[in-house]
Protein chains: 2
Amino acid sequence: MHILDTFFNPKSVAIIGASRNPEKIGHVFLNNLLETGYKGKVYPVNPKTTSIKGLRCYPSIAEAVKANKKPIDLAVISIPTEPSIVVTDNCGTLKIKNILSITAGFSEVGNTDAEERLKKVIQKHKLNFMGPNCLGIIDAYSGLDMIFLPKVRLKRPDKGKVSFICQSGAIGSATLDLLSAQGLGFSKFITYGNATTMNETHLLEYLGKDKNTDVVCMYIEGVREGKRFIDVAKKVTKKKPVIVLKGGWTVSGAHATMSHTASLAGAAAVYKGAFKQANIIKADTLYDLYDFAKILEKAPKPKGRRVQVITNGGGFGILCADGIDQNKLTTGKLQRKTESFLTKKLPKEYVIHNPIDLTGGAKTEDYNIAIKACLEDTGSDIILLVLLMQTPLLDIKVIDIVAKYNKQQKKPIVAVLTGGSFTEIQKQRLEAAGVPCYTYPTNATKSIKALCDYYEK
Amino acid sequence: MHILDTFFNPKSVAIIGASRNPEKIGHVFLNNLLETGYKGKVYPVNPKTTSIKGLRCYPSIAEAVKANKKPIDLAVISIPTEPSIVVTDNCGTLKIKNILSITAGFSEVGNTDAEERLKKVIQKHKLNFMGPNCLGIIDAYSGLDMIFLPKVRLKRPDKGKVSFICQSGAIGSATLDLLSAQGLGFSKFITYGNATTMNETHLLEYLGKDKNTDVVCMYIEGVREGKRFIDVAKKVTKKKPVIVLKGGWTVSGAHATMSHTASLAGAAAVYKGAFKQANIIKADTLYDLYDFAKILEKAPKPKGRRVQVITNGGGFGILCADGIDQNKLTTGKLQRKTESFLTKKLPKEYVIHNPIDLTGGAKTEDYNIAIKACLEDTGSDIILLVLLMQTPLLDIKVIDIVAKYNKQQKKPIVAVLTGGSFTEIQKQRLEAAGVPCYTYPTNATKSIKALCDYYEK
């Protein structure tokens with residue numbers, strides 16, 4: 001059992017700073033935890049009140065531990081800066097090992113003195129301390145919802161196999177909200193704030209061993225233990241993909257990080273080299289992060305980087321071809337026999353080449369024929385499918401056909417669907433069936449590159 | 001009056017190839033035209049039937065013209081390749097000047113002979129001939145809906161000031177569908193297929209003079225009259241922005257265009273140079289195209305390229321700062337007096353710098369204070385606003401406040417809102433109020449660059 005397992009699967013949780021006032025973070029916390037159906041014991045702690053939301057409220061963490069009859073598994077701290085240091089010390093004395101601290105006002109605002117004192121307390125008691133100045137954590141499997149943002153504002157994700165470690169609470173929460181709305185599932189979502197002791201390296205190591213995590217996404221502004229991070233990443237990437245978006249990549253960006261999580265953003269070149277060495281996939285943008293996560297979670301390992309495009313829109317075929325070149329992938333070449341088979345089977349105005357252009361007249365059966373032939377063809381390793389659902393002759397059964405072939409896992413099948421609500425519904429159906437889907441050819445081809453790069457190492 | 005005005009505002013339309021069969025393009029055409037509430041006369045032409053959808057159907061275009069008592073303003077042709085050439089000739093003889101041809105089977109499938117013969121017919125009668133092999137046109141102002149895709153599959157746009165010229169029907173239609181669903185308005189939407197005679201240059205020239213068009217977006221695969229295109233573009237860009245996505249930019253992409261609209265995709269470097277010379281804004285992706293259109297349609301002219309970021313999430317501030325550097329913009333610097341004013345007015349844990357970080361505790365009033373001060377500050381030319389709506393203390397009145405300041409048009413205000421449905425609603429409200437909004441910092445900063453580049457010329 002990993003030391004952090006209890007952190008994410010606590011049997012008892014104390015909320016220090018729980019409040020009756022719905023405007024207070026301590027209130028939202030308690031509320032979310034109760035609403036998610038967390039099964040363990042919950043101990044609100046606040047000397048100014050005796051009950052919150054029907055739960056008894058304890059005047060001190062010591063009283064809460066007394067009621068629990070043994071040390072509480074996890075304490076969440078949401079009180080002002082100085083008292084939070086005192087309470088952390090109290091928790092340590094009471095043998096509480098796991099602490100999540102939302103409290104701000106430390107090094108991120110230049111108060112390095114307070115952070116140093118906090119650090120000493122943490123080290124004295126050998127605590128697993130997440131934060132301070134973090135947003136919280138979610139474990140979709142254990143039902144632990146420790147994010148201080150209300151659900152009406154931030155949708156929670158379904159269970160999935162992608163975990164997200166995020167130095168910035170804002171980026172973490174906004175992304176989580178956006179992706180949950182798009183139907184993407186998550187396993188663990190972790191924001192770790194100032195990382196006074198527990199940092200990106202500890203968390204990466206933990207997720208490397210987590211059976212509910214198949215892909216690790218990270219947003220980091222700086223790395224505290226450079227060498228150890230790379231060593232750990234090397235090990236983890238042998239088992240599962242790790243995708244990293246580094247904030248503060250530029251001079252202005254680096255300057256901005258100084259006043260955020262108080263980490264020194266390093267030179268771009270150093271990071272780039274280190275990422276490559278550890279087979280970390282570098283995301284350039286926020287959407288890269290989850291575009292890449294999607295394909296790495298869903299697609300099987302490709303045999304190579306030769307892509308065959310099948311489209312019902314010529315222009316989309318061209319943009320896919322451009323994307324293949326721009327991302328250093330290779331244009332697949334149909335075997336002679338496949339080419340003559342498809343030429344015979346499909347209407348003569350279709351273009352049997354790469355891209356295979358089924359034109360605006362494409363029917364579902366045409367896709368069936370083309371996909372089947374391309375899966376068997378040895379001239380390509382990956383199929384990039386453009387499905388423009390606006391054309392009236394293409395019926396929605398095409399989604400089921402693609403899903404069927406995708407299940408065989410012969411080659412990665414990646415799809416592009418661009419359009420409004422009619423298209424969006426079909427896209428979500430296809431994605432639910434395990435096919436990574438994108439709105440634009442650019443995103444699809446860049447993601448295919450990430451998939452190939454990961455497995456080529 | 002421009003020669004193409006009648007094309008987009010016809011008083012009478014003949015649909016050659018109109019059909020009772022809902023699976024046929026000629027049926028969808030007629031249906032869409034009738035449903036949109038087009039006010040002119042409609043003449044279905046098909047020798048095999050006598051009435052379609054309650055309208056009398058004419059056995060030939062000659063009979064239709066006879067019924068109209070004068071030449072019909074616009075004929076739409078949707079019949080097989082060879083007969084379409086004959087009918088085009090007939091139209092010319094009957095003094096019909098404007099023709100839109102959906103018919104495929106010409107140079108795009110290697111049938112250059114048929115296209116040459118068609119071309120001769122067009123030239124003989126001096127026709128305004130759009131196509132062949134195009135998807136159709138929409139004029140949101142005249143109500144002319146000439147797209148052969150059914151409305152249930154492809155949402156139609158609201159009236160707006162952006163027009164789109166698109167060589168690829170698929171790209172045009174998918175984009176139109178996607179953007180209409182996002183609430184973006186359009187003026188004219190034109191697909192021109194093989195451009196046998198009427199090409200991108202004619203259309204650009206026309207839209208340059210169109211009073212309902214403030215921004216021109218183009219997707220092109222090749223340019224037929226290079227020098228004239230650049231000359232026309234130079235004139236148009238003096239009055240309004242022109243944004244171009246060029247398909248077939250790479251070797252593989254260029255190869256793919258050969259079998260699409262039969263245009264030779266030229267070398268990237270030549271295009272790049274020519275675009276620059278004509279002050280054409282180059283889009284790298286489909287989403288660039290409308291990201292750029294949005295800011296150029298909505299934002300006032302900036303005085304320079306210094307950007308001030310205001311955020312309630314530190315990580316987002318960093319990504320904005322990275323985007324500023326990556327897009328060769330400048331980080332704005334607050335005047336001393338603004339800095340001390342804001343330091344006094346706002347809580348001490350806020351970071352008063354660039355980015356201004358109002359933190360997760362930001363309230364609407366904090367944004368009010370910060371935006372007002374930054375609009376008056378002479379240290380920046382553009383305000384980039386991050387509004388993370390997940391934080392419970394920020395109420396939705398912040399949207400009204402931003403909208404109010406935006407109305408003053410003192411500096412361009414650009415916003416980033418990332419999140420699920422709650423955020424999406426606020427984003428659409430803000431966009432409706434005229435503020436260009438983006439989901440990711442990357443897209444916002446790249447669009448700001450496009451805005452600055454356009455006005456710097």
# chains A, B, ... in the order shown; residues from 1 in each chain; ligands from 1
$ residues_around --residues "segment 120-136 of chain A" --least-positions-apart "2" --cutoff "6 Å" --atoms "only C-alpha atoms" --output "PyMOL selection string"
chain A and resi 89+92+97-104+117-118+146-147+169+191-195+198
$ write_last_selection --atoms "C-alpha atoms" --output "short mmCIF file (atom, residue, chain, number, x, y, z; two decimals), in the first residue's frame"
data_model
loop_
_atom_site.label_atom_id
_atom_site.label_comp_id
_atom_site.auth_asym_id
_atom_site.auth_seq_id
_atom_site.Cartn_x
_atom_site.Cartn_y
_atom_site.Cartn_z
CA ASP A 89 1.29 21.49 14.44
CA GLY A 92 0.86 16.42 13.90
CA LYS A 97 -0.73 12.23 8.99
CA ASN A 98 -2.57 13.58 5.95
CA ILE A 99 -3.29 17.27 5.54
CA LEU A 100 -4.78 19.24 2.67
CA SER A 101 -4.32 23.00 3.09
CA ILE A 102 -6.31 25.54 1.11
CA THR A 103 -4.98 28.40 3.20
CA ALA A 104 -3.23 31.12 1.18
CA ARG A 117 7.82 27.96 9.63
CA LEU A 118 5.06 25.81 8.14
CA MET A 146 -12.42 18.05 -1.83
CA ILE A 147 -12.69 21.00 -4.19
CA GLY A 169 -6.00 25.59 -8.92
CA THR A 191 -4.00 20.54 -7.13
CA TYR A 192 -0.98 20.96 -4.90
CA GLY A 193 -0.46 24.73 -4.65
CA ASN A 194 2.86 25.87 -3.21
CA ALA A 195 4.18 22.31 -2.82
CA MET A 198 4.60 17.31 -1.31
#
$ interface_residues --of "chain B" --to "chain A" --cutoff "7 Å" --atoms "only C-alpha atoms" --output "count of residues only"
47
$ select_by_dssp --residues "segment 68-211 of chain B" --states "strand (DSSP E or B)" --output "count of residues only"
32
$ residues_around --residues "Ala278 of chain B" --least-positions-apart "3" --cutoff "12 Å" --atoms "only C-alpha atoms" --output "JSON, numbers by chain"
{"B": [226, 227, 228, 229, 230, 231, 232, 233, 234, 235, 236, 237, 238, 240, 241, 242, 243, 244, 271, 272, 273, 274, 275, 281, 282, 454, 457]}
$ write_last_selection --atoms "N, CA and C atoms" --output "compact mmCIF listing (two decimals), in the first residue's frame"
# COMPACT_ATOMS: atom_id res chain seq x y z
N GLY B 226 -2.96 34.95 -59.65
CA GLY B 226 -2.15 35.39 -58.52
C GLY B 226 -1.99 36.89 -58.41
N LYS B 227 -1.55 37.53 -59.48
CA LYS B 227 -1.23 38.95 -59.39
C LYS B 227 -2.50 39.78 -59.13
N ARG B 228 -3.56 39.43 -59.88
CA ARG B 228 -4.79 40.19 -59.70
C ARG B 228 -5.37 39.99 -58.29
N PHE B 229 -5.25 38.76 -57.79
CA PHE B 229 -5.73 38.48 -56.44
C PHE B 229 -5.04 39.40 -55.42
N ILE B 230 -3.75 39.52 -55.55
CA ILE B 230 -2.99 40.35 -54.62
C ILE B 230 -3.36 41.83 -54.79
N ASP B 231 -3.51 42.26 -56.02
CA ASP B 231 -3.92 43.65 -56.26
C ASP B 231 -5.27 43.96 -55.63
N VAL B 232 -6.21 43.03 -55.85
CA VAL B 232 -7.55 43.22 -55.27
C VAL B 232 -7.46 43.20 -53.75
N ALA B 233 -6.73 42.23 -53.21
CA ALA B 233 -6.61 42.10 -51.75
C ALA B 233 -6.03 43.37 -51.14
N LYS B 234 -5.03 43.93 -51.80
CA LYS B 234 -4.41 45.17 -51.31
C LYS B 234 -5.46 46.27 -51.13
N LYS B 235 -6.34 46.36 -52.11
CA LYS B 235 -7.40 47.39 -52.04
C LYS B 235 -8.40 47.06 -50.94
N VAL B 236 -8.82 45.80 -50.89
CA VAL B 236 -9.85 45.42 -49.90
C VAL B 236 -9.33 45.58 -48.48
N THR B 237 -8.10 45.15 -48.23
CA THR B 237 -7.58 45.19 -46.85
C THR B 237 -7.39 46.63 -46.35
N LYS B 238 -7.41 47.58 -47.26
CA LYS B 238 -7.37 48.98 -46.79
C LYS B 238 -8.69 49.37 -46.15
N LYS B 240 -11.21 46.73 -45.11
CA LYS B 240 -11.66 45.72 -44.14
C LYS B 240 -10.68 44.56 -44.09
N PRO B 241 -10.62 43.84 -42.96
CA PRO B 241 -9.66 42.75 -42.83
C PRO B 241 -10.04 41.55 -43.70
N VAL B 242 -9.02 40.90 -44.24
CA VAL B 242 -9.20 39.67 -45.01
C VAL B 242 -8.34 38.59 -44.36
N ILE B 243 -8.99 37.50 -43.94
CA ILE B 243 -8.28 36.41 -43.27
C ILE B 243 -8.32 35.20 -44.17
N VAL B 244 -7.17 34.58 -44.41
CA VAL B 244 -7.14 33.46 -45.35
C VAL B 244 -6.52 32.21 -44.72
N TYR B 271 3.14 32.10 -51.20
CA TYR B 271 1.89 32.57 -50.61
C TYR B 271 2.15 33.46 -49.41
N LYS B 272 3.06 33.03 -48.58
CA LYS B 272 3.34 33.78 -47.35
C LYS B 272 3.75 35.22 -47.69
N GLY B 273 4.67 35.33 -48.62
CA GLY B 273 5.16 36.64 -49.05
C GLY B 273 4.04 37.50 -49.63
N ALA B 274 3.23 36.87 -50.47
CA ALA B 274 2.15 37.60 -51.13
C ALA B 274 1.11 38.07 -50.12
N PHE B 275 0.78 37.20 -49.16
CA PHE B 275 -0.19 37.56 -48.12
C PHE B 275 0.30 38.77 -47.34
N ILE B 281 -4.39 38.54 -43.48
CA ILE B 281 -4.06 37.85 -42.24
C ILE B 281 -4.09 36.35 -42.51
N LYS B 282 -2.99 35.69 -42.20
CA LYS B 282 -2.87 34.26 -42.48
C LYS B 282 -3.36 33.43 -41.29
N TYR B 454 -3.01 43.55 -38.28
CA TYR B 454 -3.85 44.17 -39.31
C TYR B 454 -3.77 45.70 -39.26
N LYS B 457 -0.37 47.80 -40.26
CA LYS B 457 0.01 48.04 -41.67
C LYS B 457 -0.48 49.40 -42.15
$ residues_around --residues "Asn21 of chain B" --least-positions-apart "2" --cutoff "12 Å" --atoms "only C-alpha atoms" --output "NGL selection string"
:B and (17-19 or 23-31 or 46 or 48-49 or 52-53)
$ closest_residue --among "B:Phe189, B:Val76, B:Gln335, B:Gly143" --to "Leu203 of chain B" --atoms "only C-alpha atoms"
B:Phe189
$ residues_around --residues "Leu394 of chain A" --least-positions-apart "5" --cutoff "7 Å" --atoms "only C-alpha atoms" --output "list in words"
Ala362, Lys363, Thr364 and Met389 of chain A
$ atom_distance --atom1 "atom CA of Ser60 of chain A" --atom2 "atom CA of Pro80 of chain A"
15.2 Å
$ select_by_dssp --residues "segment 343-397 of chain A" --states "alpha helix (DSSP H)" --output "PDB file with C-alpha atoms, in the first residue's frame"
ATOM      1  CA  THR A 343     -11.932   1.414 -57.171  1.00  0.00           C
ATOM      2  CA  LYS A 344     -14.109  -1.501 -58.192  1.00  0.00           C
ATOM      3  CA  LYS A 345     -16.388  -1.383 -55.158  1.00  0.00           C
ATOM      4  CA  THR A 364     -22.666   4.699 -44.558  1.00  0.00           C
ATOM      5  CA  GLU A 365     -21.919   1.575 -46.571  1.00  0.00           C
ATOM      6  CA  ASP A 366     -19.120   3.393 -48.423  1.00  0.00           C
ATOM      7  CA  TYR A 367     -17.437   4.091 -45.088  1.00  0.00           C
ATOM      8  CA  ASN A 368     -17.963   0.471 -44.113  1.00  0.00           C
ATOM      9  CA  ILE A 369     -16.184  -0.726 -47.251  1.00  0.00           C
ATOM     10  CA  ALA A 370     -13.374   1.814 -47.005  1.00  0.00           C
ATOM     11  CA  ILE A 371     -12.629   1.355 -43.303  1.00  0.00           C
ATOM     12  CA  LYS A 372     -12.634  -2.445 -43.556  1.00  0.00           C
ATOM     13  CA  ALA A 373     -10.224  -2.352 -46.494  1.00  0.00           C
ATOM     14  CA  CYS A 374      -7.916   0.174 -44.817  1.00  0.00           C
ATOM     15  CA  LEU A 375      -7.760  -1.843 -41.608  1.00  0.00           C
ATOM     16  CA  GLU A 376      -6.514  -4.823 -43.603  1.00  0.00           C
ATOM     17  CA  LYS A 397     -25.453   4.227 -38.371  1.00  0.00           C
TER      18      LYS A 397
END
$ atom_distance --atom1 "atom CA of Ile137 of chain A" --atom2 "atom CA of Ile190 of chain A"
4.6 Å
